[in-house]
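start_22.pdb follows; it contains PDB, C-alpha atoms and all ligand atoms.
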```
ATOM      1  CA  MET A 117     110.959 107.836  89.674
ATOM      2  CA  THR A 118     112.077 110.126  92.476
ATOM      3  CA  THR A 119     112.507 109.125  96.098
ATOM      4  CA  ILE A 120     110.730 111.065  98.842
ATOM      5  CA  ILE A 121     110.281 110.443 102.551
ATOM      6  CA  GLU A 122     107.040 110.210 104.527
ATOM      7  CA  CYS A 123     107.223 110.974 108.229
ATOM      8  CA  ALA A 124     105.874 108.288 110.579
ATOM      9  CA  SER A 125     105.074 110.938 113.197
ATOM     10  CA  CYS A 126     103.426 113.875 111.367
ATOM     11  CA  GLY A 127     102.763 112.307 107.957
ATOM     12  CA  ARG A 128     104.466 115.059 105.995
ATOM     13  CA  ARG A 129     106.016 114.030 102.708
ATOM     14  CA  SER A 130     109.274 115.730 101.749
ATOM     15  CA  LEU A 131     111.507 115.728  98.703
ATOM     16  CA  ARG A 132     114.418 114.047 100.450
ATOM     17  CA  ASP A 133     115.803 110.573 100.325
ATOM     18  CA  ALA A 134     116.536 110.220 104.050
ATOM     19  CA  GLY A 135     115.401 111.574 107.417
ATOM     20  CA  PRO A 136     115.004 113.269 109.741
ATOM     21  CA  CYS A 137     111.625 114.854 108.939
ATOM     22  CA  PRO A 138     112.173 118.554 108.105
ATOM     23  CA  ALA A 139     108.805 119.456 109.658
ATOM     24  CA  CYS A 140     108.967 117.816 113.089
ATOM     25  CA  GLY A 141     112.458 116.349 113.324
ATOM     26  CA  ALA A 142     111.285 112.759 113.782
ATOM     27  CA  ALA A 143     113.910 110.220 112.775
ATOM     28  CA  GLN A 144     111.460 107.526 111.652
ATOM     29  CA  VAL A 145     110.601 108.127 107.996
ATOM     30  CA  THR A 146     109.643 105.830 105.136
ATOM     31  CA  ALA A 147     111.179 106.194 101.681
ATOM     32  CA  LYS A 148     108.703 106.149  98.787
ATOM     33  CA  SER A 149     108.937 106.543  95.039
ATOM     34  CA  ILE A 150     106.899 109.132  93.163
ATOM     35  CA  ALA A 151     106.340 109.636  89.456
ATOM     36  CA  ASP A 152     108.638 112.098  87.695
ATOM     37  CA  ARG A 153     105.964 113.227  85.241
ATOM     38  CA  GLY A 154     103.307 115.714  86.242
ATOM     39  CA  VAL A 155     100.806 118.246  84.958
ATOM     40  CA  LEU A 156     101.212 122.004  85.252
ATOM     41  CA  VAL A 157      98.555 123.493  87.553
ATOM     42  CA  SER A 158      99.780 127.101  87.610
ATOM     43  CA  TRP A 159     102.944 129.116  87.060
ATOM     44  CA  THR A 160     104.372 132.609  87.293
ATOM     45  CA  VAL A 161     107.570 134.395  86.381
ATOM     46  CA  ILE A 162     109.519 136.028  89.220
ATOM     47  CA  ARG A 163     111.248 139.050  87.728
ATOM     48  CA  ARG A 164     112.392 140.684  90.968
ATOM     49  CA  PRO A 165     113.478 138.121  93.578
ATOM     50  CA  PRO A 166     112.944 138.960  97.262
ATOM     51  CA  LYS A 167     115.599 141.016  99.023
ATOM     52  CA  ASN A 168     118.349 138.909 100.561
ATOM     53  CA  SER A 169     117.726 136.196  97.966
ATOM     54  CA  ALA A 170     120.710 134.660  96.256
ATOM     55  CA  GLU A 171     118.547 134.289  93.142
ATOM     56  CA  THR A 172     118.620 136.602  90.187
ATOM     57  CA  GLY A 173     115.519 136.980  88.099
ATOM     58  CA  PRO A 174     113.775 136.132  86.014
ATOM     59  CA  TYR A 175     112.866 132.568  86.944
ATOM     60  CA  THR A 176     109.672 130.557  86.676
ATOM     61  CA  VAL A 177     107.863 129.086  89.688
ATOM     62  CA  ALA A 178     105.302 126.381  89.025
ATOM     63  CA  VAL A 179     102.722 124.272  90.861
ATOM     64  CA  VAL A 180     102.764 120.735  89.454
ATOM     65  CA  ARG A 181     100.462 117.782  90.189
ATOM     66  CA  LEU A 182     102.540 114.640  89.903
ATOM     67  CA  GLY A 183     101.092 111.551  88.300
ATOM     68  CA  ASP A 184     100.610 109.672  91.548
ATOM     69  CA  GLY A 185      98.956 112.385  93.567
ATOM     70  CA  PRO A 186     101.123 114.940  95.345
ATOM     71  CA  THR A 187     101.010 118.537  94.171
ATOM     72  CA  ILE A 188     104.298 120.348  94.653
ATOM     73  CA  CYS A 189     105.833 123.736  93.974
ATOM     74  CA  GLY A 190     109.074 124.021  92.044
ATOM     75  CA  ARG A 191     110.891 125.748  89.246
ATOM     76  CA  ILE A 192     110.764 125.338  85.507
ATOM     77  CA  LYS A 193     114.255 125.207  84.079
ATOM     78  CA  ASN A 194     113.430 127.024  80.851
ATOM     79  CA  PRO A 195     113.135 130.757  81.731
ATOM     80  CA  GLU A 196     111.132 131.356  78.554
ATOM     81  CA  PHE A 197     108.467 128.788  79.450
ATOM     82  CA  GLN A 198     104.980 130.016  78.542
ATOM     83  CA  GLY A 199     102.686 127.222  79.749
ATOM     84  CA  PRO A 200      99.981 126.238  79.025
ATOM     85  CA  VAL A 201      98.284 125.024  82.207
ATOM     86  CA  GLY A 202      97.844 121.286  81.743
ATOM     87  CA  ALA A 203     101.218 120.855  80.018
ATOM     88  CA  ALA A 204     103.173 117.704  80.900
ATOM     89  CA  LEU A 205     106.351 118.360  82.871
ATOM     90  CA  ASP A 206     109.152 116.062  83.994
ATOM     91  CA  LEU A 207     110.877 116.376  87.367
ATOM     92  CA  ARG A 208     114.541 116.496  86.407
ATOM     93  CA  ALA A 209     116.380 117.417  89.589
ATOM     94  CA  ILE A 210     116.088 118.640  93.144
ATOM     95  CA  GLU A 211     118.413 121.579  93.691
ATOM     96  CA  SER A 212     118.725 122.948  97.242
ATOM     97  CA  ASP A 213     115.413 121.230  98.157
ATOM     98  CA  VAL A 214     113.679 122.841  95.153
ATOM     99  CA  PRO A 215     112.202 120.550  92.469
ATOM    100  CA  VAL A 216     113.257 121.554  88.958
ATOM    101  CA  PHE A 217     110.950 120.694  86.039
ATOM    102  CA  GLU A 218     111.285 120.730  82.282
ATOM    103  CA  PRO A 219     108.643 120.265  79.596
ATOM    104  CA  ALA A 220     108.077 116.519  79.121
ATOM    105  CA  GLY A 221     110.235 114.976  76.462
ATOM    106  CA  SER A 222     112.701 117.878  76.231
ATOM    107  CA  ALA A 223     116.379 117.031  75.898
ATOM    108  CA  ARG A 224     118.396 116.988  79.096
TER     109      ARG A 224
HETATM  110 ZN    ZN A 301     107.343 114.811 110.732
END
```

Please express the file's structure as structure tokens.
Amino acid sequence: MTTIIECASCGRRSLRDAGPCPACGAAQVTAKSIADRGVLVSWTVIRRPPKNSAETGPYTVAVVRLGDGPTICGRIKNPEFQGPVGAALDLRAIESDVPVFEPAGSAR
């Protein structure tokens, strides 16, 4: 399970374990647990990162629907990932506010 916060003011859920809310700045947030396993909705490989980005390509960006509802955008750790849509993925880390996924059951 991963801890997120839900803002009492605007309702936004964020991949953080403590406030304030990154959307509206409200201090009152509620911590919740979400499932680490999700299903791949879509993905793409970024070969040329945007200018001024600290990233070097290629890297894989994915949209993942977690088991208990929220759909989030993150990265897939394996740069050679080839899908398919519907594949099970595990949330393994949050690096610089970016969720990082790996295929379910893969070694850490
Ligand atoms: Zn808020």

Hey, which residues come within 6 Å of ligand ZN 301 (chain A) if we count only C-alpha atoms and all ligand atoms? Could you give them as a PDB file with C-alpha atoms, in the coordinates of the input?
```pdb
ATOM      1  CA  CYS A 123     107.223 110.974 108.229  1.00  0.00           C
ATOM      2  CA  SER A 125     105.074 110.938 113.197  1.00  0.00           C
ATOM      3  CA  CYS A 126     103.426 113.875 111.367  1.00  0.00           C
ATOM      4  CA  GLY A 127     102.763 112.307 107.957  1.00  0.00           C
ATOM      5  CA  ARG A 128     104.466 115.059 105.995  1.00  0.00           C
ATOM      6  CA  CYS A 137     111.625 114.854 108.939  1.00  0.00           C
ATOM      7  CA  ALA A 139     108.805 119.456 109.658  1.00  0.00           C
ATOM      8  CA  CYS A 140     108.967 117.816 113.089  1.00  0.00           C
ATOM      9  CA  GLY A 141     112.458 116.349 113.324  1.00  0.00           C
ATOM     10  CA  ALA A 142     111.285 112.759 113.782  1.00  0.00           C
TER      11      ALA A 142
END
```

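Atom CA of A:Glu211 is positioned 15.2 Å from atom CA of A:Ser169.
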
(message) If the PyMOL selection byres (((chain A and resi 181) around 10) and not hetatm) were run on this exact file, what residues would it hold? Put them as a PyMOL selection string.
(response) chain A and resi 153-158+178-180+182-189+202+204-205

(message) Can you tell me which residues surround A:Val216 at a distance of at most 10 Å, considering only C-alpha atoms, apart from same-chain residues fewer than 6 positions away, and format the answer as a ChimeraX atom specification?
(response) /A:176-178,189-194,205-210

Emit the selected residues as a compact mmCIF listing (two decimals), in the coordinates of the input, including C-alpha atoms.
```txt
# COMPACT_ATOMS: atom_id res chain seq x y z
CA THR A 176 109.67 130.56 86.68
CA VAL A 177 107.86 129.09 89.69
CA ALA A 178 105.30 126.38 89.02
CA CYS A 189 105.83 123.74 93.97
CA GLY A 190 109.07 124.02 92.04
CA ARG A 191 110.89 125.75 89.25
CA ILE A 192 110.76 125.34 85.51
CA LYS A 193 114.26 125.21 84.08
CA ASN A 194 113.43 127.02 80.85
CA LEU A 205 106.35 118.36 82.87
CA ASP A 206 109.15 116.06 83.99
CA LEU A 207 110.88 116.38 87.37
CA ARG A 208 114.54 116.50 86.41
CA ALA A 209 116.38 117.42 89.59
CA ILE A 210 116.09 118.64 93.14
```

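For the choices A:Glu196, A:Ser130, A:Ala220, A:Thr146, the atom-to-atom distance to A:Ile162 is smallest for A:Glu196 when using all atoms listed in the file.
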
(request) Step by step, work through what the PyMOL selection byres (((chain A and resi 174) around 8) and not hetatm) selects in the shown file, and finish by giving those residues as a VMD selection string. (result) chain A and resid 161 to 165 172 to 173 175 to 176 195

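The gap separating atom CA of A:Pro215 from atom CA of A:Lys167 is 21.8 Å, in Å to one decimal.
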
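Here atom CA of A:Ile120 and atom CA of A:Val214 stand 12.7 Å from one another.
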
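Minimum atom-to-atom distances from A:Asn168, A:Ser212, A:Gln198, A:Ser222 to A:Arg132 were compared using all atoms listed in the file, and the lowest value belongs to A:Ser212.
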
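When the PyMOL selection byres (((chain A and resi 117) around 7) and not hetatm) is evaluated on the file shown here, the picked residues come out as Thr118, Thr119, Ser149, Ile150, Ala151 and Asp152 of chain A.
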
Can you report as lines of an AutoDock Vina configuration file the centre and edge lengths in Å, to one decimal, of an axis-aligned box around the listed atoms of stretch 197-213 of chain A padded with 8 Å on each side?
```
center_x = 108.3
center_y = 123.0
center_z = 88.3
size_x = 36.9
size_y = 30.0
size_z = 35.6
```
